[in-house]
Amino acid sequence: MRTSWNGSLSFGLVSIPVGLAPATKPAARQSDVSFRLLHRECSTPIKQKRWCPTHDREVTQDEIVRGFEVTKGQFVIVEDADLEAIEQADDSRSIEITRFVPAGDVDPIFFDRTYFLVPGAQPAQRRPYVLLLEAMRETQTAALGRFVRSGRESLCLVRAKDDALALETLYLAEDVYSQAEIAEAVEDTKVKKNELDLARQVISSLAGEFEPSELASEYRRDLRALLEAKMRGEEIVTPEPVEVAPVIDLMEALKASVAAAKTTAEDDEPAVKKPARKRSARAKAS
């Protein structure tokens, strides 16, 4: 597994050599098909130019600086040297664990990007890795920490994921929107017991095991099929628009959902062949 950063995982006097390897593909948040912008007339890729409308000309890279907009059209210029002055000069290459917390206490909404922590190559380096992994699994804890990469600090959570340690970079508290407005909106909304019972039945009828292999994108499938069809020169047919479902009574919707789930479950059950009836003695004689 290729690592993008190598260092150690540290807490107290313990230091465990680890490497950081991305757990997802670079384009995982988008489609796996990328497009170029072309000129329709000649299919030539379009070049993006850095253009100054005041001087009405293209500018070079050394003419460009960063600017923070204070008010509309008013900027504070920030030079590279200014940013370098506040970058953390931490060259320890260490993920410093500050606290162990119950794994279920950290809301996944704070998770930004997932990495695998790769153990060291030598058997002696893998032993403390496995020790920490098993201890965290048994105690169902995760580790909060921070590390510096390319001069920038990242907050992180280290957790046990099956037979490996995973690292989640974390959003800051100020980066996550509050859900107070939603909580206030539903605070006085009450549901009836029979509605809740039916909702439980719907959930129970659709219950099952999580299968990662089922996480497939219909859009990606259809996009690949579209591109293959276009390369074969086939005509693309626009599908009929989907009708908007009418608003119906909640109880009726729940009852219909339960009935539909039961029908599906019965259809999925293998047919049982009934044993043939034995013929009576009188029937045999006739």
# chains A, B, ... in the order shown; residues from 1 in each chain; ligands from 1
$ closest_atom_pairs --of "segment 18-113 of chain A" --to "segment 124-147 of chain A" --cutoff "6 Å" --atoms "only C-alpha atoms" --output "tab-separated table"
residue	atom	partner	partner_atom	distance
A:Ile95	CA	A:Phe147	CA	4.7
A:Glu96	CA	A:Gly145	CA	5.3
A:Ile97	CA	A:Gly145	CA	4.1
A:Thr98	CA	A:Gly145	CA	5.2
A:Arg99	CA	A:Leu144	CA	5.3
A:Phe100	CA	A:Ala143	CA	4.4
A:Val101	CA	A:Thr141	CA	5.4
A:Pro102	CA	A:Thr141	CA	4.4
A:Ala103	CA	A:Thr141	CA	4.5
$ residues_around --residues "segment 109-111 of chain A" --least-positions-apart "5" --cutoff "8 Å" --atoms "only C-alpha atoms" --output "PyMOL selection string"
chain A and resi 168-173+176
$ residues_around --residues "Arg36 of chain A" --least-positions-apart "3" --cutoff "12 Å" --atoms "only C-alpha atoms" --output "count of residues only"
9
$ residues_around --residues "Ala164 of chain A" --least-positions-apart "5" --cutoff "8 Å" --atoms "only C-alpha atoms" --output "PyMOL selection string"
chain A and resi 116-118+133
$ write_last_selection --atoms "C-alpha atoms" --output "PDB file, in the first residue's frame"
ATOM      1  CA  PHE A 116      -5.311   3.862   6.690  1.00  0.00           C
ATOM      2  CA  LEU A 117      -2.429   3.823   9.160  1.00  0.00           C
ATOM      3  CA  VAL A 118       0.090   1.371   7.700  1.00  0.00           C
ATOM      4  CA  LEU A 133      -5.358  -1.998  17.712  1.00  0.00           C
TER       5      LEU A 133
END
$ select_by_dssp --residues "segment 31-226 of chain A" --states "alpha helix (DSSP H)" --output "JSON, numbers by chain"
{"A": [80, 81, 82, 83, 84, 85, 86, 123, 124, 125, 126, 127, 128, 129, 130, 131, 132, 133, 134, 135, 136, 137, 138, 139, 180, 181, 182, 183, 184, 185, 186, 193, 194, 195, 196, 197, 198, 199, 200, 201, 202, 203, 204, 205, 218, 219, 220, 221, 222, 223, 224, 225, 226]}
$ select_by_dssp --residues "segment 6-87 of chain A" --states "strand (DSSP E)" --output "VMD selection string"
chain A and resid 6 to 11 14 to 22 51 to 52 57 to 58 66 to 71 74 to 78
$ atom_distance --atom1 "atom CA of Lys193 of chain A" --atom2 "atom CA of Glu252 of chain A"
14.8 Å
$ residues_around --residues "segment 56-64 of chain A" --least-positions-apart "6" --cutoff "10 Å" --atoms "only C-alpha atoms" --output "PyMOL selection string"
chain A and resi 49-50+79
$ atom_distance --atom1 "atom CA of Glu153 of chain A" --atom2 "atom CA of Glu87 of chain A"
8.5 Å
$ residues_around --residues "Thr3 of chain A" --least-positions-apart "5" --cutoff "8 Å" --atoms "only C-alpha atoms" --output "list in words"
Gly19, Leu20, Ala21, Pro22 and Val118 of chain A
$ atom_distance --atom1 "atom CA of Glu234 of chain A" --atom2 "atom CA of Arg221 of chain A"
17.1 Å
$ closest_residue --among "A:Ser204, A:Ser217, A:Ser8, A:Thr114" --to "Pro26 of chain A" --atoms "only C-alpha atoms"
A:Thr114
